[in-house]
Amino acid sequence: MEQAAISNQKGMTLIEVLAALVLLSLLAITSFTVITTSTIWVLKAGKSTQAMTMANSIMEDIRANSNTIPAGTFILNAGAYDDELEPFKKYSDPDKWGNFKAEVKITEVQYDETSANNLLEVKIQVTWQENNRNYMEELTSIVSRR
């Protein structure tokens with residue numbers, strides 16, 4: 001008779017409650033780690049996108065002004081620009097571009113397979129520093145002088 005009374009009891013034992021708490025804790029820790037890591041990746045992707053936006057904008061300015069921009073290497077920092085490169089003045093605005101620095105290398109090139117002798121190889125490296133680490137995005141293209 002006593003055996004039947006024990007089997008009819010309902011509820012959880014202390015061990016079952018502790019096991020459930022351990023499983024919930026592991027799930028919470030794992031979720032927190034995944035959310036934190038994905039947030040860091042999203043922030044890095046945002047900076048990378050901003051750097052590529054800057055590089056693409058510089059490339060479009062070079063295409064638009066290809067007949068007046070000389071070959072050479074130019075450094076574009078937020079807060080400073082070279083007077084002879086007026087189209088690049090807008091990249092000196094630290095409010096828009098933050099701590100990004102762009103290095104633009106323009107080289108006159110000729111290819112044997114083509115009769116074009118007015119081609120420029122443009123290489124743009126945008127760098128920035130965040131949390132004591134250096135990051136870089138690079139864009140390279142061939143541009144024809146107008």
# chains A, B, ... in the order shown; residues from 1 in each chain; ligands from 1

call {"tool": "residues_around", "arguments": {"residues": "stretch 44-61 of chain A", "least_positions_apart": "4", "cutoff": "12 Å", "atoms": "only C-alpha atoms", "output": "short mmCIF file (atom, residue, chain, number, x, y, z; two decimals) with N, CA and C atoms, in the first residue's frame"}}
result
data_model
loop_
_atom_site.label_atom_id
_atom_site.label_comp_id
_atom_site.auth_asym_id
_atom_site.auth_seq_id
_atom_site.Cartn_x
_atom_site.Cartn_y
_atom_site.Cartn_z
N THR A 37 29.74 38.21 -29.67
CA THR A 37 30.62 38.02 -30.82
C THR A 37 30.00 38.58 -32.10
N SER A 38 28.73 38.35 -32.31
CA SER A 38 28.09 38.86 -33.52
C SER A 38 28.02 40.39 -33.50
N THR A 39 27.86 40.99 -32.34
CA THR A 39 27.86 42.45 -32.25
C THR A 39 29.23 43.01 -32.64
N ILE A 40 30.29 42.38 -32.19
CA ILE A 40 31.65 42.81 -32.56
C ILE A 40 31.84 42.69 -34.07
N ASN A 65 37.96 63.36 -62.60
CA ASN A 65 39.00 64.38 -62.79
C ASN A 65 40.29 63.76 -63.32
N SER A 66 40.19 62.69 -64.08
CA SER A 66 41.38 61.95 -64.50
C SER A 66 42.32 62.76 -65.39
N ASN A 67 41.81 63.77 -66.06
CA ASN A 67 42.67 64.57 -66.93
C ASN A 67 43.51 65.58 -66.16
N THR A 68 43.16 65.90 -64.92
CA THR A 68 43.91 66.91 -64.17
C THR A 68 44.69 66.35 -62.99
N ILE A 69 44.41 65.13 -62.59
CA ILE A 69 45.10 64.57 -61.42
C ILE A 69 46.43 63.97 -61.88
N PHE A 74 49.58 59.93 -52.91
CA PHE A 74 48.96 60.98 -52.11
C PHE A 74 48.39 60.37 -50.83
N ILE A 75 48.58 61.07 -49.73
CA ILE A 75 48.03 60.64 -48.45
C ILE A 75 46.87 61.57 -48.11
N LEU A 76 45.71 60.99 -47.84
CA LEU A 76 44.53 61.78 -47.48
C LEU A 76 44.17 61.44 -46.04
N ASN A 77 44.38 62.39 -45.15
CA ASN A 77 44.03 62.21 -43.74
C ASN A 77 42.82 63.05 -43.40
N ALA A 78 42.08 62.60 -42.43
CA ALA A 78 41.00 63.45 -41.91
C ALA A 78 41.66 64.65 -41.25
N LEU A 85 45.35 69.06 -54.78
CA LEU A 85 44.34 68.03 -55.03
C LEU A 85 42.98 68.50 -54.53
N GLU A 86 42.48 69.54 -55.12
CA GLU A 86 41.21 70.14 -54.70
C GLU A 86 40.04 69.15 -54.67
N PRO A 87 39.94 68.21 -55.62
CA PRO A 87 38.80 67.27 -55.55
C PRO A 87 38.79 66.42 -54.28
N PHE A 88 39.94 66.32 -53.62
CA PHE A 88 40.02 65.49 -52.42
C PHE A 88 39.82 66.26 -51.12
N LYS A 89 39.48 67.52 -51.21
CA LYS A 89 39.31 68.34 -50.01
C LYS A 89 38.24 67.76 -49.08
N LYS A 90 37.20 67.20 -49.66
CA LYS A 90 36.11 66.70 -48.83
C LYS A 90 36.52 65.53 -47.94
N TYR A 91 37.64 64.87 -48.25
CA TYR A 91 38.09 63.75 -47.42
C TYR A 91 38.87 64.21 -46.19
N SER A 92 38.99 65.52 -46.03
CA SER A 92 39.66 66.05 -44.84
C SER A 92 38.68 66.34 -43.71
N ASP A 93 37.41 66.05 -43.92
CA ASP A 93 36.38 66.31 -42.91
C ASP A 93 36.36 65.19 -41.87
N LYS A 96 32.96 63.43 -40.98
CA LYS A 96 32.41 62.43 -41.90
C LYS A 96 33.26 61.17 -41.97
N TRP A 97 34.59 61.32 -41.98
CA TRP A 97 35.46 60.18 -42.23
C TRP A 97 36.18 59.67 -40.98
N GLY A 98 36.03 60.33 -39.86
CA GLY A 98 36.62 59.82 -38.61
C GLY A 98 38.12 59.67 -38.70
N ASN A 99 38.63 58.54 -38.23
CA ASN A 99 40.07 58.34 -38.19
C ASN A 99 40.60 57.54 -39.38
N PHE A 100 39.89 57.59 -40.50
CA PHE A 100 40.34 56.88 -41.69
C PHE A 100 41.45 57.66 -42.38
N LYS A 101 42.41 56.93 -42.94
CA LYS A 101 43.50 57.53 -43.70
C LYS A 101 43.58 56.79 -45.03
N ALA A 102 43.61 57.53 -46.12
CA ALA A 102 43.66 56.91 -47.44
C ALA A 102 44.99 57.22 -48.11
N GLU A 103 45.59 56.20 -48.67
CA GLU A 103 46.79 56.38 -49.48
C GLU A 103 46.42 56.05 -50.91
N VAL A 104 46.63 57.01 -51.80
CA VAL A 104 46.25 56.85 -53.21
C VAL A 104 47.53 56.81 -54.04
N LYS A 105 47.71 55.73 -54.79
CA LYS A 105 48.86 55.61 -55.69
C LYS A 105 48.33 55.58 -57.12
N ILE A 106 48.76 56.57 -57.90
CA ILE A 106 48.34 56.66 -59.30
C ILE A 106 49.58 56.48 -60.17
N LEU A 120 45.64 54.85 -66.38
CA LEU A 120 46.19 55.03 -65.04
C LEU A 120 45.81 53.82 -64.19
N GLU A 121 46.78 53.30 -63.47
CA GLU A 121 46.46 52.28 -62.47
C GLU A 121 46.30 53.02 -61.14
N VAL A 122 45.15 52.86 -60.54
CA VAL A 122 44.84 53.56 -59.29
C VAL A 122 44.70 52.52 -58.19
N LYS A 123 45.48 52.70 -57.14
CA LYS A 123 45.44 51.79 -55.99
C LYS A 123 45.14 52.64 -54.76
N ILE A 124 44.06 52.32 -54.09
CA ILE A 124 43.63 53.08 -52.90
C ILE A 124 43.63 52.15 -51.70
N GLN A 125 44.39 52.52 -50.68
CA GLN A 125 44.40 51.78 -49.42
C GLN A 125 43.83 52.68 -48.33
N VAL A 126 42.78 52.23 -47.71
CA VAL A 126 42.17 52.97 -46.60
C VAL A 126 42.50 52.20 -45.32
N THR A 127 43.13 52.90 -44.38
CA THR A 127 43.52 52.26 -43.12
C THR A 127 42.87 53.00 -41.96
N TRP A 128 42.70 52.28 -40.86
CA TRP A 128 42.21 52.88 -39.63
C TRP A 128 42.67 52.01 -38.47
N GLN A 129 42.65 52.62 -37.30
CA GLN A 129 43.07 51.92 -36.09
C GLN A 129 41.90 51.89 -35.11
N GLU A 130 41.72 50.72 -34.52
CA GLU A 130 40.65 50.56 -33.56
C GLU A 130 41.09 49.54 -32.52
N ASN A 131 40.97 49.89 -31.26
CA ASN A 131 41.36 49.01 -30.16
C ASN A 131 42.80 48.51 -30.32
N ARG A 133 44.52 47.98 -32.87
CA ARG A 133 44.74 47.11 -34.02
C ARG A 133 44.57 47.92 -35.29
N ASN A 134 45.39 47.61 -36.29
CA ASN A 134 45.32 48.30 -37.57
C ASN A 134 44.50 47.47 -38.55
N TYR A 135 43.66 48.16 -39.31
CA TYR A 135 42.82 47.51 -40.31
C TYR A 135 43.04 48.20 -41.65
N MET A 136 42.80 47.48 -42.76
CA MET A 136 43.01 48.06 -44.08
C MET A 136 42.03 47.45 -45.09
N GLU A 137 41.55 48.29 -45.96
CA GLU A 137 40.78 47.86 -47.13
C GLU A 137 41.48 48.44 -48.35
N GLU A 138 41.47 47.70 -49.46
CA GLU A 138 42.20 48.13 -50.65
C GLU A 138 41.30 48.01 -51.88
N LEU A 139 41.44 48.99 -52.75
CA LEU A 139 40.68 49.01 -54.01
C LEU A 139 41.65 49.37 -55.13
N THR A 140 41.68 48.57 -56.19
CA THR A 140 42.57 48.81 -57.33
C THR A 140 41.75 48.79 -58.61
N SER A 141 42.08 49.72 -59.52
CA SER A 141 41.35 49.79 -60.78
C SER A 141 42.22 50.44 -61.85
N ILE A 142 41.84 50.24 -63.09
CA ILE A 142 42.47 50.92 -64.23
C ILE A 142 41.50 52.00 -64.69
N VAL A 143 42.01 53.22 -64.81
CA VAL A 143 41.19 54.38 -65.19
C VAL A 143 41.78 54.98 -66.45
N SER A 144 40.93 55.38 -67.37
CA SER A 144 41.38 56.04 -68.59
C SER A 144 41.30 57.55 -68.40
#

call {"tool": "atom_distance", "arguments": {"atom1": "atom CA of A:Val42", "atom2": "atom CA of A:Leu24"}}
result
26.7 Å

call {"tool": "select_by_dssp", "arguments": {"residues": "chain A", "states": "helix (DSSP H, G or I)", "output": "VMD selection string"}}
result
chain A and resid 2 to 7 14 to 64 86 to 92 94 to 97

call {"tool": "closest_residue", "arguments": {"among": "A:Glu108, A:Thr36, A:Thr30, A:Leu21", "to": "A:Pro70", "atoms": "only C-alpha atoms"}}
result
A:Glu108
